[in-house]
Every structure is written in structure tokens, then in C-alpha cells.
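structure34.cif (mmCIF, C-alpha atoms)
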```cif
data_upload
loop_
_atom_site.group_PDB
_atom_site.id
_atom_site.type_symbol
_atom_site.label_atom_id
_atom_site.label_comp_id
_atom_site.auth_asym_id
_atom_site.auth_seq_id
_atom_site.Cartn_x
_atom_site.Cartn_y
_atom_site.Cartn_z
ATOM 1 C CA LYS A 1 3.850 -52.658 -10.886
ATOM 2 C CA GLU A 2 1.994 -51.573 -7.844
ATOM 3 C CA LYS A 3 2.878 -47.949 -8.602
ATOM 4 C CA ASP A 4 1.541 -48.395 -12.127
ATOM 5 C CA ARG A 5 -1.685 -49.877 -10.766
ATOM 6 C CA ASP A 6 -2.084 -46.991 -8.299
ATOM 7 C CA ARG A 7 -1.411 -44.479 -11.060
ATOM 8 C CA ASP A 8 -3.996 -46.161 -13.303
ATOM 9 C CA LYS A 9 -6.559 -46.145 -10.477
ATOM 10 C CA GLU A 10 -5.851 -42.473 -9.912
ATOM 11 C CA LYS A 11 -6.308 -41.733 -13.623
ATOM 12 C CA ASP A 12 -9.575 -43.677 -13.640
ATOM 13 C CA ARG A 13 -10.778 -41.745 -10.589
ATOM 14 C CA ASP A 14 -9.852 -38.420 -12.233
ATOM 15 C CA ARG A 15 -11.599 -39.411 -15.467
ATOM 16 C CA ASP A 16 -14.760 -40.444 -13.570
ATOM 17 C CA ARG A 17 -14.725 -37.172 -11.634
ATOM 18 C CA ASP A 18 -14.340 -35.203 -14.887
ATOM 19 C CA ARG A 19 -17.261 -37.084 -16.452
ATOM 20 C CA LYS A 20 -19.467 -36.246 -13.469
ATOM 21 C CA LYS A 21 -18.469 -32.606 -13.753
ATOM 22 C CA LYS A 22 -19.428 -32.595 -17.419
ATOM 23 C CA LYS A 23 -22.822 -34.043 -16.575
ATOM 24 C CA LYS A 24 -23.477 -31.270 -14.068
ATOM 25 C CA ARG A 25 -24.220 -28.281 -16.245
ATOM 26 C CA SER A 26 -25.009 -24.862 -14.979
ATOM 27 C CA ALA A 27 -28.535 -23.487 -15.317
ATOM 28 C CA SER A 28 -27.302 -20.945 -17.847
ATOM 29 C CA SER A 29 -25.871 -23.630 -20.131
ATOM 30 C CA ASP A 30 -29.182 -25.535 -19.880
ATOM 31 C CA SER A 31 -30.952 -22.342 -20.854
ATOM 32 C CA ALA A 32 -28.587 -21.842 -23.787
ATOM 33 C CA GLU A 33 -29.205 -25.420 -24.889
ATOM 34 C CA ARG A 34 -32.985 -24.897 -24.774
ATOM 35 C CA SER A 35 -32.572 -21.664 -26.705
ATOM 36 C CA ARG A 36 -30.548 -23.427 -29.400
ATOM 37 C CA GLU A 37 -33.209 -26.137 -29.650
ATOM 38 C CA ARG A 38 -35.974 -23.522 -29.971
ATOM 39 C CA GLU A 39 -34.015 -21.728 -32.680
ATOM 40 C CA LYS A 40 -33.482 -25.020 -34.547
ATOM 41 C CA ARG A 41 -37.227 -25.740 -34.410
ATOM 42 C CA ARG A 42 -38.050 -22.199 -35.568
ATOM 43 C CA ARG A 43 -35.690 -22.455 -38.536
ATOM 44 C CA LYS A 44 -37.069 -25.859 -39.463
ATOM 45 C CA GLN A 45 -40.657 -24.557 -39.350
ATOM 46 C CA GLN A 46 -39.652 -21.526 -41.386
ATOM 47 C CA GLN A 47 -37.967 -23.720 -43.994
ATOM 48 C CA GLN A 48 -41.041 -25.963 -44.179
ATOM 49 C CA TYR A 49 -43.249 -22.899 -44.639
ATOM 50 C CA VAL A 50 -40.993 -21.531 -47.383
ATOM 51 C CA ASN A 51 -40.871 -24.903 -49.146
ATOM 52 C CA LYS A 52 -44.645 -25.342 -48.868
ATOM 53 C CA ASN A 53 -45.338 -21.903 -50.371
ATOM 54 C CA ARG A 54 -42.616 -22.080 -53.036
ATOM 55 C CA LYS A 55 -43.795 -22.706 -56.576
ATOM 56 C CA PRO A 56 -41.529 -25.053 -58.542
ATOM 57 C CA THR A 57 -38.820 -23.117 -60.398
ATOM 58 C CA GLU A 58 -35.736 -24.081 -62.318
ATOM 59 C CA GLY A 59 -32.539 -23.801 -60.358
ATOM 60 C CA GLY A 60 -34.250 -23.176 -57.005
ATOM 61 C CA GLY A 61 -34.324 -19.698 -55.484
ATOM 62 C CA ALA A 62 -37.358 -17.471 -55.407
ATOM 63 C CA PRO A 63 -40.291 -18.003 -57.754
ATOM 64 C CA ALA A 64 -40.432 -15.701 -60.757
ATOM 65 C CA GLY A 65 -41.321 -12.160 -59.734
ATOM 66 C CA GLN A 66 -40.896 -12.863 -56.028
ATOM 67 C CA SER A 67 -38.138 -10.985 -54.257
ATOM 68 C CA MET A 68 -36.022 -12.352 -51.431
ATOM 69 C CA PHE A 69 -35.081 -10.778 -48.117
ATOM 70 C CA TRP A 70 -32.509 -11.577 -45.443
ATOM 71 C CA ASP A 71 -34.278 -12.436 -42.175
ATOM 72 C CA GLY A 72 -31.084 -12.272 -40.143
ATOM 73 C CA PHE A 73 -30.257 -15.953 -40.657
ATOM 74 C CA GLN A 74 -31.029 -16.788 -44.270
ATOM 75 C CA TRP A 75 -32.579 -15.553 -47.516
ATOM 76 C CA VAL A 76 -36.324 -16.190 -47.659
ATOM 77 C CA PRO A 77 -38.901 -15.347 -50.336
ATOM 78 C CA ARG A 78 -40.947 -12.277 -49.544
ATOM 79 C CA ALA A 79 -44.579 -13.192 -48.860
ATOM 80 C CA ASP A 80 -46.949 -12.020 -51.569
ATOM 81 C CA THR A 81 -49.089 -9.490 -49.726
ATOM 82 C CA GLY A 82 -51.301 -9.005 -52.754
ATOM 83 C CA THR A 83 -51.258 -5.225 -52.423
ATOM 84 C CA ASN A 84 -52.556 -3.380 -55.418
ATOM 85 C CA PRO A 85 -51.182 0.184 -55.614
ATOM 86 C CA ASN A 86 -54.589 1.346 -56.864
ATOM 87 C CA ASP A 87 -56.322 -0.118 -53.810
ATOM 88 C CA ILE A 88 -57.393 2.715 -51.479
ATOM 89 C CA ASN A 89 -56.444 0.682 -48.391
ATOM 90 C CA ALA A 90 -52.924 0.032 -49.714
ATOM 91 C CA SER A 91 -52.111 3.751 -49.704
ATOM 92 C CA ARG A 92 -53.951 4.609 -46.491
ATOM 93 C CA LYS A 93 -50.793 5.029 -44.383
ATOM 94 C CA ASN A 94 -49.377 7.441 -46.959
ATOM 95 C CA ARG A 95 -52.577 9.474 -46.963
ATOM 96 C CA ARG A 96 -52.657 10.013 -43.190
ATOM 97 C CA LEU A 97 -51.449 13.142 -41.458
ATOM 98 C CA TYR A 98 -50.576 13.738 -37.817
ATOM 99 C CA LEU A 99 -52.200 16.794 -36.229
ATOM 100 C CA GLY A 100 -50.456 18.248 -33.190
ATOM 101 C CA ASN A 101 -51.207 21.086 -30.742
ATOM 102 C CA LEU A 102 -54.970 20.879 -31.328
ATOM 103 C CA PRO A 103 -56.868 23.538 -29.327
ATOM 104 C CA TYR A 104 -59.345 21.271 -27.484
ATOM 105 C CA HIS A 105 -59.610 23.802 -24.694
ATOM 106 C CA LEU A 106 -61.115 26.248 -27.201
ATOM 107 C CA GLY A 107 -63.696 23.715 -28.373
ATOM 108 C CA VAL A 108 -62.353 22.555 -31.737
ATOM 109 C CA THR A 109 -64.247 19.545 -33.130
ATOM 110 C CA GLU A 110 -63.390 16.993 -35.807
ATOM 111 C CA ASP A 111 -66.065 18.407 -38.126
ATOM 112 C CA ALA A 112 -64.968 22.011 -37.637
ATOM 113 C CA PHE A 113 -61.317 21.086 -38.244
ATOM 114 C CA SER A 114 -62.206 19.050 -41.341
ATOM 115 C CA LYS A 115 -64.193 21.980 -42.740
ATOM 116 C CA GLN A 116 -61.405 24.496 -42.039
ATOM 117 C CA LEU A 117 -58.738 22.213 -43.549
ATOM 118 C CA TYR A 118 -60.837 21.755 -46.711
ATOM 119 C CA GLU A 119 -61.526 25.489 -47.029
ATOM 120 C CA THR A 120 -57.840 26.348 -46.528
ATOM 121 C CA MET A 121 -56.739 23.742 -49.087
ATOM 122 C CA ARG A 122 -59.377 24.963 -51.564
ATOM 123 C CA ASP A 123 -58.460 28.638 -51.081
ATOM 124 C CA ARG A 124 -54.755 27.891 -51.650
ATOM 125 C CA GLY A 125 -55.417 25.697 -54.691
ATOM 126 C CA LEU A 126 -54.202 22.498 -53.007
ATOM 127 C CA CYS A 127 -57.257 20.357 -53.929
ATOM 128 C CA ASN A 128 -57.436 18.149 -57.035
ATOM 129 C CA ASP A 129 -61.097 19.146 -57.354
ATOM 130 C CA PRO A 130 -62.023 22.392 -55.531
ATOM 131 C CA ASN A 131 -65.672 21.255 -55.357
ATOM 132 C CA GLN A 132 -64.862 18.032 -53.516
ATOM 133 C CA ASN A 133 -63.606 17.838 -49.918
ATOM 134 C CA PRO A 134 -60.358 15.803 -49.914
ATOM 135 C CA VAL A 135 -60.516 15.345 -46.106
ATOM 136 C CA LEU A 136 -62.043 11.878 -45.694
ATOM 137 C CA HIS A 137 -61.769 11.473 -41.933
ATOM 138 C CA VAL A 138 -60.529 13.365 -38.869
ATOM 139 C CA TRP A 139 -59.897 11.689 -35.505
ATOM 140 C CA PHE A 140 -58.843 13.446 -32.295
ATOM 141 C CA ALA A 141 -57.221 11.559 -29.390
ATOM 142 C CA ARG A 142 -59.208 13.323 -26.670
ATOM 143 C CA ASP A 143 -59.582 10.353 -24.332
ATOM 144 C CA LYS A 144 -55.816 9.922 -24.142
ATOM 145 C CA GLY A 145 -55.435 13.295 -22.421
ATOM 146 C CA ALA A 146 -53.258 14.617 -25.240
ATOM 147 C CA ASN A 147 -53.918 17.265 -27.858
ATOM 148 C CA TYR A 148 -53.213 15.435 -31.089
ATOM 149 C CA GLY A 149 -55.112 13.614 -33.796
ATOM 150 C CA PHE A 150 -54.969 12.296 -37.335
ATOM 151 C CA CYS A 151 -56.706 12.992 -40.596
ATOM 152 C CA GLU A 152 -56.992 10.994 -43.788
ATOM 153 C CA ILE A 153 -56.857 12.734 -47.157
ATOM 154 C CA SER A 154 -58.350 11.229 -50.343
ATOM 155 C CA SER A 155 -55.185 11.196 -52.477
ATOM 156 C CA MET A 156 -51.435 10.995 -51.916
ATOM 157 C CA GLU A 157 -50.876 14.166 -53.985
ATOM 158 C CA GLU A 158 -53.302 16.159 -51.833
ATOM 159 C CA THR A 159 -51.691 14.708 -48.703
ATOM 160 C CA GLU A 160 -48.283 15.975 -49.898
ATOM 161 C CA ARG A 161 -49.768 19.414 -50.556
ATOM 162 C CA ALA A 162 -51.537 19.484 -47.174
ATOM 163 C CA LEU A 163 -48.119 19.178 -45.491
ATOM 164 C CA GLN A 164 -47.549 22.782 -46.637
ATOM 165 C CA LEU A 165 -50.252 23.805 -44.153
ATOM 166 C CA ASP A 166 -48.054 22.939 -41.153
ATOM 167 C CA GLY A 167 -48.654 25.739 -38.644
ATOM 168 C CA MET A 168 -52.196 26.464 -39.911
ATOM 169 C CA VAL A 169 -53.980 28.626 -37.326
ATOM 170 C CA VAL A 170 -57.111 27.045 -35.826
ATOM 171 C CA LEU A 171 -59.010 29.177 -33.284
ATOM 172 C CA GLY A 172 -55.872 31.296 -32.872
ATOM 173 C CA VAL A 173 -53.571 28.315 -32.234
ATOM 174 C CA PRO A 174 -50.986 27.066 -34.790
ATOM 175 C CA VAL A 175 -51.620 23.375 -35.466
ATOM 176 C CA SER A 176 -48.727 21.205 -36.613
ATOM 177 C CA ILE A 177 -49.454 19.002 -39.625
ATOM 178 C CA LYS A 178 -46.858 16.298 -40.235
ATOM 179 C CA ARG A 179 -46.440 12.739 -41.450
ATOM 180 C CA PRO A 180 -47.204 10.174 -38.730
ATOM 181 C CA ASN A 181 -44.316 8.106 -37.349
ATOM 182 C CA ASP A 182 -45.620 4.930 -39.016
ATOM 183 C CA ALA A 183 -45.816 6.456 -42.506
ATOM 184 C CA VAL A 184 -44.164 4.431 -45.239
ATOM 185 C CA ASN A 185 -41.920 6.095 -47.767
ATOM 186 C CA PRO A 186 -43.923 6.265 -51.015
ATOM 187 C CA MET A 187 -40.653 6.150 -52.991
ATOM 188 C CA GLY A 188 -39.584 2.778 -51.664
#
```

As C-alpha cells, the full file:
Amino acid sequence: KEKDRDRDKEKDRDRDRDRKKKKKRSASSDSAERSREREKRRRKQQQQYVNKNRKPTEGGGAPAGQSMFWDGFQWVPRADTGTNPNDINASRKNRRLYLGNLPYHLGVTEDAFSKQLYETMRDRGLCNDPNQNPVLHVWFARDKGANYGFCEISSMEETERALQLDGMVVLGVPVSIKRPNDAVNPMG
């Protein structure tokens, strides 16, 4: 019986030691626990937001006409951005062009470039209306110490046509005309 008692005491001691070990967590497991809690809170807030903005529909899911997207964890209704395709601001990104290799050192200005771009587009029949300058705005990034800039054209069709002018010579220097990196695909 004494052996049994000793064995039981030993088991109790081992169990107590194991419990203490379990209580002592490493810093990384504490961090993981906090991360899981943050993620739980984020998902809960997201679900509350979705539920708050959801209009009542039969059978659940997205409201009529509202598409869904996968956010990496779940399907959520796409926020209605209210963009009207006819709105000039909605198509602004698609009407911008990147201008590279601008000859600052030869004294090119925004106005002079705008005028030359318009004249070249007009002469090549790339304007919707040859009597109206499609170049709305030209901006050069002089202060950044680089030789690039951007221009905004009045319509998406004219912007597409202006891409044909890549390599246009300005003050003897070929200027690259391309879509900016942040351009959105007009087809989708």
C-alpha cells in the first residue's frame, strides 16, 4: 500500500508540474493568441458592418444587383461606390498618361508640351474635334529630381489614340507616352 501511495504522490507531483508548464506560455504563443483575438474582433466588426449595410433580401446573400467578393476569409458584398461611368472623375485614371524622358534640361514646360501634344494629335487626326484641345492638364515631376510627368486627356478614346504617339520627339528628345502603373483596365 505504501508503494501505491508513493506512486500516487508521484503522479500528483507530475500532474502539478505539467499544469505549471502549461500555464507558462512562451512569448510567441502569447503573441499568436493576441493575433487570433484581434482577427476575431476584426471579423466580428466586418460582419456587423456587412449586416448593418445589407438590405433585407429573400434567402440571404447579397442584395439585388450587388456583387460579392472573397476577402480572403469569407464572401462579403461589394460596397456600392456609386460610380457613374459618365462621371468625368470616374474615368480619370483611364484618361491619364505617363510621360517619360522629358527634356527638362532643354527647357520644356507643361504649356509647351501640352501645345505640342495637341498639335501632333490634331495633325495626325487623333482628336475627336480638331478645333478643341483634348489635353486637359499636364504635370511634370520636376521637384522629385526625375524627368517624368503625367497628362490628362479629355476622353478615353483620345487617350487610347495618344498612346500611338509613344516616342514623340520634343526638343529633339523622344518622349515615352504610356499608361501609368495605377491605370485600371477599361475592359474589366

Would you mind listing what lies within 9 Å of range 147-163 of chain A as a CSV table (one decimal) with C-alpha atoms, in the coordinates of the input, with all atoms listed in the file counted and same-chain residues fewer than 2 positions away left out?
```csv
chain,number,residue,atom,x,y,z
A,88,ILE,CA,-57.4,2.7,-51.5
A,91,SER,CA,-52.1,3.8,-49.7
A,92,ARG,CA,-54.0,4.6,-46.5
A,93,LYS,CA,-50.8,5.0,-44.4
A,94,ASN,CA,-49.4,7.4,-47.0
A,95,ARG,CA,-52.6,9.5,-47.0
A,96,ARG,CA,-52.7,10.0,-43.2
A,97,LEU,CA,-51.4,13.1,-41.5
A,98,TYR,CA,-50.6,13.7,-37.8
A,99,LEU,CA,-52.2,16.8,-36.2
A,100,GLY,CA,-50.5,18.2,-33.2
A,101,ASN,CA,-51.2,21.1,-30.7
A,102,LEU,CA,-55.0,20.9,-31.3
A,103,PRO,CA,-56.9,23.5,-29.3
A,104,TYR,CA,-59.3,21.3,-27.5
A,114,SER,CA,-62.2,19.0,-41.3
A,117,LEU,CA,-58.7,22.2,-43.5
A,121,MET,CA,-56.7,23.7,-49.1
A,126,LEU,CA,-54.2,22.5,-53.0
A,127,CYS,CA,-57.3,20.4,-53.9
A,128,ASN,CA,-57.4,18.1,-57.0
A,133,ASN,CA,-63.6,17.8,-49.9
A,134,PRO,CA,-60.4,15.8,-49.9
A,135,VAL,CA,-60.5,15.3,-46.1
A,136,LEU,CA,-62.0,11.9,-45.7
A,137,HIS,CA,-61.8,11.5,-41.9
A,138,VAL,CA,-60.5,13.4,-38.9
A,139,TRP,CA,-59.9,11.7,-35.5
A,140,PHE,CA,-58.8,13.4,-32.3
A,141,ALA,CA,-57.2,11.6,-29.4
A,142,ARG,CA,-59.2,13.3,-26.7
A,144,LYS,CA,-55.8,9.9,-24.1
A,145,GLY,CA,-55.4,13.3,-22.4
A,165,LEU,CA,-50.3,23.8,-44.2
A,166,ASP,CA,-48.1,22.9,-41.2
A,177,ILE,CA,-49.5,19.0,-39.6
A,178,LYS,CA,-46.9,16.3,-40.2
A,179,ARG,CA,-46.4,12.7,-41.4
A,180,PRO,CA,-47.2,10.2,-38.7
A,186,PRO,CA,-43.9,6.3,-51.0
```

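The spacing separating CA of Pro130 in chain A from CA of Gln164 in chain A amounts to 17.0 Å.
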
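If all atoms listed in the file are the atoms counted, then among A:Lys3, A:Ser29, A:Leu171, A:Ser176 the closest residue to Thr109 in chain A is A:Leu171.
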
Kindly compute an axis-aligned box around the listed atoms of range 95-106 of chain A, allowing 6 Å on each side, and express its centre and edge lengths in Å to one decimal as lines of an AutoDock Vina configuration file.
```
center_x = -55.8
center_y = 17.9
center_z = -35.8
size_x = 22.7
size_y = 28.8
size_z = 34.3
```

One-decimal distance in Å that lies between CA of Gln48 in chain A and CA of Ser35 in chain A: 19.9 Å

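Counting from CA of Ala146 in chain A, the distance to CA of His105 in chain A is 11.2 Å.
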
Which residues would end up in the selection if the PyMOL selection byres ((chain A and resi 170) around 8) were applied here, given that I need the answer as a VMD selection string? chain A and resid 102 to 103 113 116 168 to 169 171 to 175

If I only have part of range 114-133 of chain A, can you fill in N, CA and C atoms and write it as a JSON list (two decimals), in the frame of the given file?
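File produced: rebuild27.json:
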```json
[["chain", "number", "residue", "atom", "x", "y", "z"],
["A", 114, "SER", "N", -62.12, 19.58, -39.98],
["A", 114, "SER", "CA", -62.21, 19.05, -41.34],
["A", 114, "SER", "C", -62.65, 20.14, -42.31],
["A", 115, "LYS", "N", -63.66, 20.90, -41.89],
["A", 115, "LYS", "CA", -64.19, 21.98, -42.74],
["A", 115, "LYS", "C", -63.13, 23.05, -42.97],
["A", 116, "GLN", "N", -62.43, 23.46, -41.90],
["A", 116, "GLN", "CA", -61.40, 24.50, -42.04],
["A", 116, "GLN", "C", -60.24, 24.01, -42.91],
["A", 117, "LEU", "N", -59.84, 22.75, -42.75],
["A", 117, "LEU", "CA", -58.74, 22.21, -43.55],
["A", 117, "LEU", "C", -59.13, 22.20, -45.03],
["A", 118, "TYR", "N", -60.36, 21.77, -45.32],
["A", 118, "TYR", "CA", -60.84, 21.76, -46.71],
["A", 118, "TYR", "C", -60.86, 23.17, -47.29],
["A", 119, "GLU", "N", -61.43, 24.11, -46.53],
["A", 119, "GLU", "CA", -61.53, 25.49, -47.03],
["A", 119, "GLU", "C", -60.14, 26.09, -47.27],
["A", 120, "THR", "N", -59.20, 25.82, -46.37],
["A", 120, "THR", "CA", -57.84, 26.35, -46.53],
["A", 120, "THR", "C", -57.17, 25.72, -47.75],
["A", 121, "MET", "N", -57.33, 24.41, -47.92],
["A", 121, "MET", "CA", -56.74, 23.74, -49.09],
["A", 121, "MET", "C", -57.36, 24.28, -50.38],
["A", 122, "ARG", "N", -58.68, 24.46, -50.37],
["A", 122, "ARG", "CA", -59.38, 24.96, -51.56],
["A", 122, "ARG", "C", -58.91, 26.38, -51.90],
["A", 123, "ASP", "N", -58.85, 27.24, -50.86],
["A", 123, "ASP", "CA", -58.46, 28.64, -51.08],
["A", 123, "ASP", "C", -57.03, 28.76, -51.60],
["A", 124, "ARG", "N", -56.16, 27.84, -51.21],
["A", 124, "ARG", "CA", -54.76, 27.89, -51.65],
["A", 124, "ARG", "C", -54.50, 27.05, -52.90],
["A", 125, "GLY", "N", -55.56, 26.48, -53.46],
["A", 125, "GLY", "CA", -55.42, 25.70, -54.69],
["A", 125, "GLY", "C", -54.71, 24.37, -54.49],
["A", 126, "LEU", "N", -54.88, 23.76, -53.31],
["A", 126, "LEU", "CA", -54.20, 22.50, -53.01],
["A", 126, "LEU", "C", -55.07, 21.27, -53.28],
["A", 127, "CYS", "N", -56.34, 21.48, -53.68],
["A", 127, "CYS", "CA", -57.26, 20.36, -53.93],
["A", 127, "CYS", "C", -57.19, 19.94, -55.40],
["A", 128, "ASN", "N", -57.33, 18.63, -55.65],
["A", 128, "ASN", "CA", -57.44, 18.15, -57.04],
["A", 128, "ASN", "C", -58.71, 18.68, -57.66],
["A", 129, "ASP", "N", -59.81, 18.62, -56.90],
["A", 129, "ASP", "CA", -61.10, 19.15, -57.35],
["A", 129, "ASP", "C", -61.59, 20.10, -56.28],
["A", 130, "PRO", "N", -61.62, 21.43, -56.57],
["A", 130, "PRO", "CA", -62.02, 22.39, -55.53],
["A", 130, "PRO", "C", -63.45, 22.19, -55.02],
["A", 131, "ASN", "N", -64.28, 21.47, -55.78],
["A", 131, "ASN", "CA", -65.67, 21.26, -55.36],
["A", 131, "ASN", "C", -65.85, 19.99, -54.52],
["A", 132, "GLN", "N", -64.76, 19.28, -54.29],
["A", 132, "GLN", "CA", -64.86, 18.03, -53.52],
["A", 132, "GLN", "C", -63.90, 18.07, -52.34],
["A", 133, "ASN", "N", -64.42, 17.81, -51.13],
["A", 133, "ASN", "CA", -63.61, 17.84, -49.92],
["A", 133, "ASN", "C", -62.64, 16.65, -49.92]]
```
